[in-house]
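Working notes, beginning with the structure itself.
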Amino acid sequence: MTHVRAAGAVPPDGLTVGGAASAVGVTVRTLHHWDELGLASPSRRTTGGHRLYDAADVTRLHRIRLYRELGVPLSDVAALLDAPAEHAEESLLRQRDQVRDRIRHLERSAEALDRLIEARRSGVLLTPEEQAKIFGADWQPAWTAEARERWGDTAQWAQYAERAADRGPEDYRRIVADLEVLHADLGAAVREGVPPDGARARALAERHRASVGAYFDCTHSMHVCLGRTYVTDPGYRSFYDGIAPGLAGWLRDAVDANARAHGVDPETATWT
């Protein structure tokens, strides 16, 4: 009914291009473009050569705008305007299916954004029960909240959240399984007296860096910074020394040796 009233309000002498643009809700530039394409040309002109749109022209303009709002490409609009009813319906059905496909795509995008938002907030998209089952009875869900409080503004936390948003329980089970093997190998190396600056130790340090890389990109310089905390932070030291006595210091030394082998001086390493 809105289109009919707008078309009916056209004065007998017609509307100028500015008046037609205002009536239809588009810009003058848009009407000029449609005219250049031969999509909607004014039927009349003033004695001075200015465009004048009559009621039928304005009705056509409204139809074009409707099709454009529905996502119909301009290249298809002309055929729809002038096609027999059955052909127009087929085209509109195709456009409807495309719109529905876009809606489904946008819904999936919205769901992915929801997961990313939640991952940035919580760190792990697992229930407390799933976390305990996968990470072990000693795992405390509050740890991720503490990590967010400490590093939530960093690029590494953003990466951590982006990767967490795409992970489910099975992904974490694989990560944990790989980490358990690594910890067993680290403990064995310490118990066997493997020197922390030897090739075997450096290989283990590189595996350890890769395990951190499952959550965010970890450079050798960043790995050195982490290694320092393994001996200075009581929680880290207790964890690693619980795997094998002395592992915390051994791992720090192995990380430093691996960094040197990759051209990084542990004495000047920074979080970069």
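By convention here, the chains of the structure tokens are called A, B, ... in the order presented, each chain's residues are numbered starting at 1, and ligands are numbered starting at 1 in the order presented.
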
So that I can see what lies close to range 155-168 of chain A, please list as a ChimeraX atom specification the residues with an atom at most 12 Å from it, counting only C-alpha atoms and leaving out residues fewer than 3 positions away in the same chain.
/A:111-127,130-131,134,144-152,171-175,212-219,222,271-272

Output as CSV one row per residue of range 41-82 of chain A within 12 Å of range 95-104 of chain A: the closest atom pair and its distance in Å to one decimal place, counting only C-alpha atoms, sorted by chain and residue number ascending.
residue,atom,partner,partner_atom,distance
A:Tyr67,CA,A:Gln95,CA,9.6
A:Arg68,CA,A:Gln95,CA,10.9
A:Glu69,CA,A:Val99,CA,11.1
A:Leu70,CA,A:Gln95,CA,7.8
A:Gly71,CA,A:Gln95,CA,7.5
A:Val72,CA,A:Gln95,CA,6.7
A:Pro73,CA,A:Gln95,CA,9.5
A:Asp76,CA,A:Gln95,CA,10.2
A:Val77,CA,A:Gln95,CA,11.2
A:Leu80,CA,A:Gln95,CA,11.3

Can you list, as a ChimeraX atom specification, every protein, DNA or RNA residue that comes within 10 Å of Arg202 in chain A when you count only C-alpha atoms, leaving out same-chain residues fewer than 5 positions away?
/A:195-197,207-208,251,253-261

I need the helix (DSSP H, G or I) residues of range 88-270 of chain A per DSSP on the backbone, written as a VMD selection string. chain A and resid 88 to 122 128 to 135 142 to 151 155 to 165 169 to 191 199 to 212 220 to 232 234 to 243 247 to 261

TODO: Would you mind listing what lies within 12 Å of Ala79 in chain A as a ChimeraX atom specification, with only C-alpha atoms counted and same-chain residues fewer than 3 positions away left out?
DONE: /A:38-39,64,67,72-76,82-85,87-92

Residues as selected, all heavy atoms, written as a compact mmCIF listing (two decimals), in the first residue's frame, can you do that?
# COMPACT_ATOMS: atom_id res chain seq x y z
N GLY A 38 19.43 1.88 -18.49
CA GLY A 38 18.19 1.61 -19.20
C GLY A 38 17.18 0.86 -18.35
O GLY A 38 16.21 0.28 -18.86
N LEU A 39 17.41 0.87 -17.04
CA LEU A 39 16.55 0.13 -16.13
C LEU A 39 15.28 0.89 -15.81
O LEU A 39 14.19 0.31 -15.71
CB LEU A 39 17.34 -0.15 -14.83
CG LEU A 39 16.76 -1.16 -13.85
CD1 LEU A 39 16.58 -2.52 -14.50
CD2 LEU A 39 17.69 -1.27 -12.64
N ILE A 64 11.96 -1.61 -8.45
CA ILE A 64 13.42 -1.81 -8.53
C ILE A 64 14.02 -1.77 -7.14
O ILE A 64 14.83 -2.63 -6.77
CB ILE A 64 14.07 -0.75 -9.43
CG1 ILE A 64 13.58 -0.88 -10.87
CG2 ILE A 64 15.59 -0.85 -9.37
CD1 ILE A 64 13.98 0.27 -11.77
N TYR A 67 13.30 -4.99 -5.25
CA TYR A 67 14.15 -6.10 -5.68
C TYR A 67 15.58 -5.93 -5.17
O TYR A 67 16.23 -6.91 -4.76
CB TYR A 67 14.15 -6.23 -7.20
CG TYR A 67 12.87 -6.79 -7.77
CD1 TYR A 67 12.25 -6.21 -8.88
CD2 TYR A 67 12.27 -7.91 -7.21
CE1 TYR A 67 11.07 -6.73 -9.41
CE2 TYR A 67 11.10 -8.45 -7.72
CZ TYR A 67 10.50 -7.85 -8.82
OH TYR A 67 9.34 -8.38 -9.33
N VAL A 72 18.45 -8.80 -5.11
CA VAL A 72 18.49 -9.17 -6.52
C VAL A 72 19.50 -8.28 -7.24
O VAL A 72 19.44 -7.05 -7.13
CB VAL A 72 17.10 -8.99 -7.18
CG1 VAL A 72 17.15 -9.35 -8.66
CG2 VAL A 72 16.06 -9.84 -6.46
N PRO A 73 20.47 -8.84 -7.95
CA PRO A 73 21.45 -8.03 -8.68
C PRO A 73 20.78 -7.16 -9.72
O PRO A 73 19.76 -7.54 -10.31
CB PRO A 73 22.36 -9.07 -9.34
CG PRO A 73 22.14 -10.33 -8.57
CD PRO A 73 20.72 -10.29 -8.11
N LEU A 74 21.35 -5.99 -9.94
CA LEU A 74 20.78 -5.08 -10.95
C LEU A 74 20.69 -5.75 -12.31
O LEU A 74 19.76 -5.49 -13.07
CB LEU A 74 21.64 -3.81 -11.04
CG LEU A 74 21.32 -2.68 -10.07
CD1 LEU A 74 22.31 -1.55 -10.26
CD2 LEU A 74 19.89 -2.19 -10.25
N SER A 75 21.66 -6.62 -12.61
CA SER A 75 21.65 -7.29 -13.91
C SER A 75 20.42 -8.17 -14.09
O SER A 75 20.04 -8.49 -15.22
CB SER A 75 22.92 -8.12 -14.07
OG SER A 75 23.04 -9.06 -13.00
N ASP A 76 19.79 -8.60 -12.98
CA ASP A 76 18.61 -9.46 -13.07
C ASP A 76 17.31 -8.70 -12.91
O ASP A 76 16.23 -9.23 -13.20
CB ASP A 76 18.67 -10.55 -11.98
CG ASP A 76 19.84 -11.50 -12.17
OD1 ASP A 76 20.35 -11.58 -13.31
OD2 ASP A 76 20.24 -12.14 -11.19
N ASP A 82 10.20 -7.07 -16.53
CA ASP A 82 9.53 -7.22 -17.81
C ASP A 82 9.19 -8.65 -18.17
O ASP A 82 8.60 -8.92 -19.23
CB ASP A 82 10.42 -6.63 -18.92
CG ASP A 82 10.77 -5.16 -18.66
OD1 ASP A 82 9.87 -4.44 -18.18
OD2 ASP A 82 11.91 -4.76 -18.92
N ALA A 83 9.55 -9.61 -17.28
CA ALA A 83 9.33 -11.02 -17.61
C ALA A 83 7.88 -11.42 -17.38
O ALA A 83 7.18 -10.81 -16.56
CB ALA A 83 10.23 -11.89 -16.75
N PRO A 84 7.42 -12.46 -18.07
CA PRO A 84 6.11 -13.03 -17.78
C PRO A 84 6.07 -13.50 -16.33
O PRO A 84 7.10 -13.79 -15.72
CB PRO A 84 6.01 -14.22 -18.74
CG PRO A 84 6.98 -13.91 -19.83
CD PRO A 84 8.10 -13.15 -19.19
N ALA A 85 4.89 -13.58 -15.77
CA ALA A 85 4.73 -13.88 -14.35
C ALA A 85 5.45 -15.16 -13.93
O ALA A 85 6.12 -15.20 -12.90
CB ALA A 85 3.24 -13.96 -14.00
N HIS A 87 8.03 -16.70 -15.27
CA HIS A 87 9.48 -16.55 -15.28
C HIS A 87 9.96 -15.72 -14.10
O HIS A 87 10.99 -16.02 -13.48
CB HIS A 87 9.94 -15.92 -16.59
CG HIS A 87 9.72 -16.82 -17.77
ND1 HIS A 87 9.76 -16.35 -19.07
CD2 HIS A 87 9.43 -18.13 -17.86
CE1 HIS A 87 9.52 -17.36 -19.90
NE2 HIS A 87 9.31 -18.44 -19.18
N ALA A 88 9.22 -14.67 -13.81
CA ALA A 88 9.58 -13.83 -12.67
C ALA A 88 9.53 -14.62 -11.37
O ALA A 88 10.37 -14.49 -10.49
CB ALA A 88 8.65 -12.62 -12.59
N GLU A 89 8.52 -15.49 -11.27
CA GLU A 89 8.39 -16.29 -10.05
C GLU A 89 9.56 -17.24 -9.89
O GLU A 89 10.09 -17.41 -8.78
CB GLU A 89 7.08 -17.08 -10.08
CG GLU A 89 6.85 -17.89 -8.81
CD GLU A 89 5.49 -18.57 -8.80
OE1 GLU A 89 4.62 -18.16 -9.58
OE2 GLU A 89 5.33 -19.52 -8.02
N GLU A 90 10.00 -17.86 -10.97
CA GLU A 90 11.15 -18.76 -10.89
C GLU A 90 12.39 -18.03 -10.41
O GLU A 90 13.14 -18.53 -9.56
CB GLU A 90 11.42 -19.38 -12.27
CG GLU A 90 10.38 -20.39 -12.72
CD GLU A 90 10.65 -20.88 -14.13
OE1 GLU A 90 11.69 -20.49 -14.70
OE2 GLU A 90 9.83 -21.65 -14.67
N SER A 91 12.59 -16.82 -10.93
CA SER A 91 13.74 -16.04 -10.53
C SER A 91 13.65 -15.64 -9.06
O SER A 91 14.63 -15.71 -8.31
CB SER A 91 13.86 -14.80 -11.40
OG SER A 91 14.97 -14.01 -11.02
N LEU A 92 12.45 -15.27 -8.63
CA LEU A 92 12.27 -14.87 -7.24
C LEU A 92 12.48 -16.06 -6.30
O LEU A 92 13.02 -15.91 -5.20
CB LEU A 92 10.87 -14.28 -7.03
CG LEU A 92 10.65 -12.90 -7.67
CD1 LEU A 92 9.19 -12.50 -7.55
CD2 LEU A 92 11.54 -11.86 -7.01

Can you tell me which residues surround Ala188 in chain A at a distance of at most 10 Å, considering only C-alpha atoms, apart from same-chain residues fewer than 4 positions away, and format the answer as a PDB file with N, CA, C and O atoms, in the first residue's frame?
ATOM      1  N   LEU A 182      55.097 -36.081  26.546  1.00  0.00           N
ATOM      2  CA  LEU A 182      56.214 -35.146  26.671  1.00  0.00           C
ATOM      3  C   LEU A 182      56.710 -35.090  28.119  1.00  0.00           C
ATOM      4  O   LEU A 182      57.928 -35.143  28.367  1.00  0.00           O
ATOM      5  N   HIS A 183      55.794 -34.990  29.067  1.00  0.00           N
ATOM      6  CA  HIS A 183      56.206 -34.916  30.471  1.00  0.00           C
ATOM      7  C   HIS A 183      56.944 -36.193  30.896  1.00  0.00           C
ATOM      8  O   HIS A 183      57.934 -36.125  31.653  1.00  0.00           O
ATOM      9  N   ALA A 184      56.482 -37.345  30.416  1.00  0.00           N
ATOM     10  CA  ALA A 184      57.162 -38.605  30.736  1.00  0.00           C
ATOM     11  C   ALA A 184      58.574 -38.605  30.177  1.00  0.00           C
ATOM     12  O   ALA A 184      59.537 -39.041  30.839  1.00  0.00           O
ATOM     13  N   GLU A 192      67.734 -39.863  33.996  1.00  0.00           N
ATOM     14  CA  GLU A 192      68.866 -40.514  33.345  1.00  0.00           C
ATOM     15  C   GLU A 192      70.110 -39.632  33.322  1.00  0.00           C
ATOM     16  O   GLU A 192      71.165 -40.039  32.822  1.00  0.00           O
ATOM     17  N   GLY A 193      69.994 -38.409  33.829  1.00  0.00           N
ATOM     18  CA  GLY A 193      71.144 -37.518  33.871  1.00  0.00           C
ATOM     19  C   GLY A 193      71.505 -36.916  32.531  1.00  0.00           C
ATOM     20  O   GLY A 193      72.673 -36.559  32.293  1.00  0.00           O
ATOM     21  N   VAL A 194      70.545 -36.781  31.637  1.00  0.00           N
ATOM     22  CA  VAL A 194      70.808 -36.174  30.319  1.00  0.00           C
ATOM     23  C   VAL A 194      71.208 -34.710  30.522  1.00  0.00           C
ATOM     24  O   VAL A 194      70.508 -33.955  31.220  1.00  0.00           O
ATOM     25  N   ILE A 243      56.990 -34.036  38.612  1.00  0.00           N
ATOM     26  CA  ILE A 243      57.179 -35.044  37.561  1.00  0.00           C
ATOM     27  C   ILE A 243      58.495 -35.778  37.782  1.00  0.00           C
ATOM     28  O   ILE A 243      58.574 -37.012  37.679  1.00  0.00           O
ATOM     29  N   ALA A 244      59.527 -35.010  38.094  1.00  0.00           N
ATOM     30  CA  ALA A 244      60.845 -35.580  38.410  1.00  0.00           C
ATOM     31  C   ALA A 244      61.606 -34.522  39.199  1.00  0.00           C
ATOM     32  O   ALA A 244      61.642 -33.354  38.787  1.00  0.00           O
ATOM     33  N   LEU A 247      63.371 -31.196  37.725  1.00  0.00           N
ATOM     34  CA  LEU A 247      62.971 -30.964  36.336  1.00  0.00           C
ATOM     35  C   LEU A 247      62.770 -29.485  36.035  1.00  0.00           C
ATOM     36  O   LEU A 247      63.096 -29.033  34.935  1.00  0.00           O
TER      37      LEU A 247
END

| Hey, can you check how far CA of Ala78 in chain A sits from CA of Ala40 in chain A? |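 Interatomic distance here is 8.8 Å.
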
field: strand (DSSP E or B) call set, DSSP backbone run, range 43-123 of chain A, as an NGL selection string
entry: :A and (44-45 or 51-53)

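Look at Tyr240 in chain A: the protein and nucleic acid residues within 10 Å of it, using only C-alpha atoms and passing over chain neighbours fewer than 4 places away, are His183, Leu186, Gly187, Tyr230, Val231, Gly235, Tyr236, Ala244, Pro245, Gly246, Leu247, Ala248, Gly249, Trp250 and Leu251 of chain A.
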
Quiz item: Within 12 Å of Asp13 in chain A, counting only C-alpha atoms, which residues qualify if same-chain residues fewer than 2 places away don't, as a ChimeraX atom specification?
Solution: /A:9-11,15-16,19,43-47,51-55
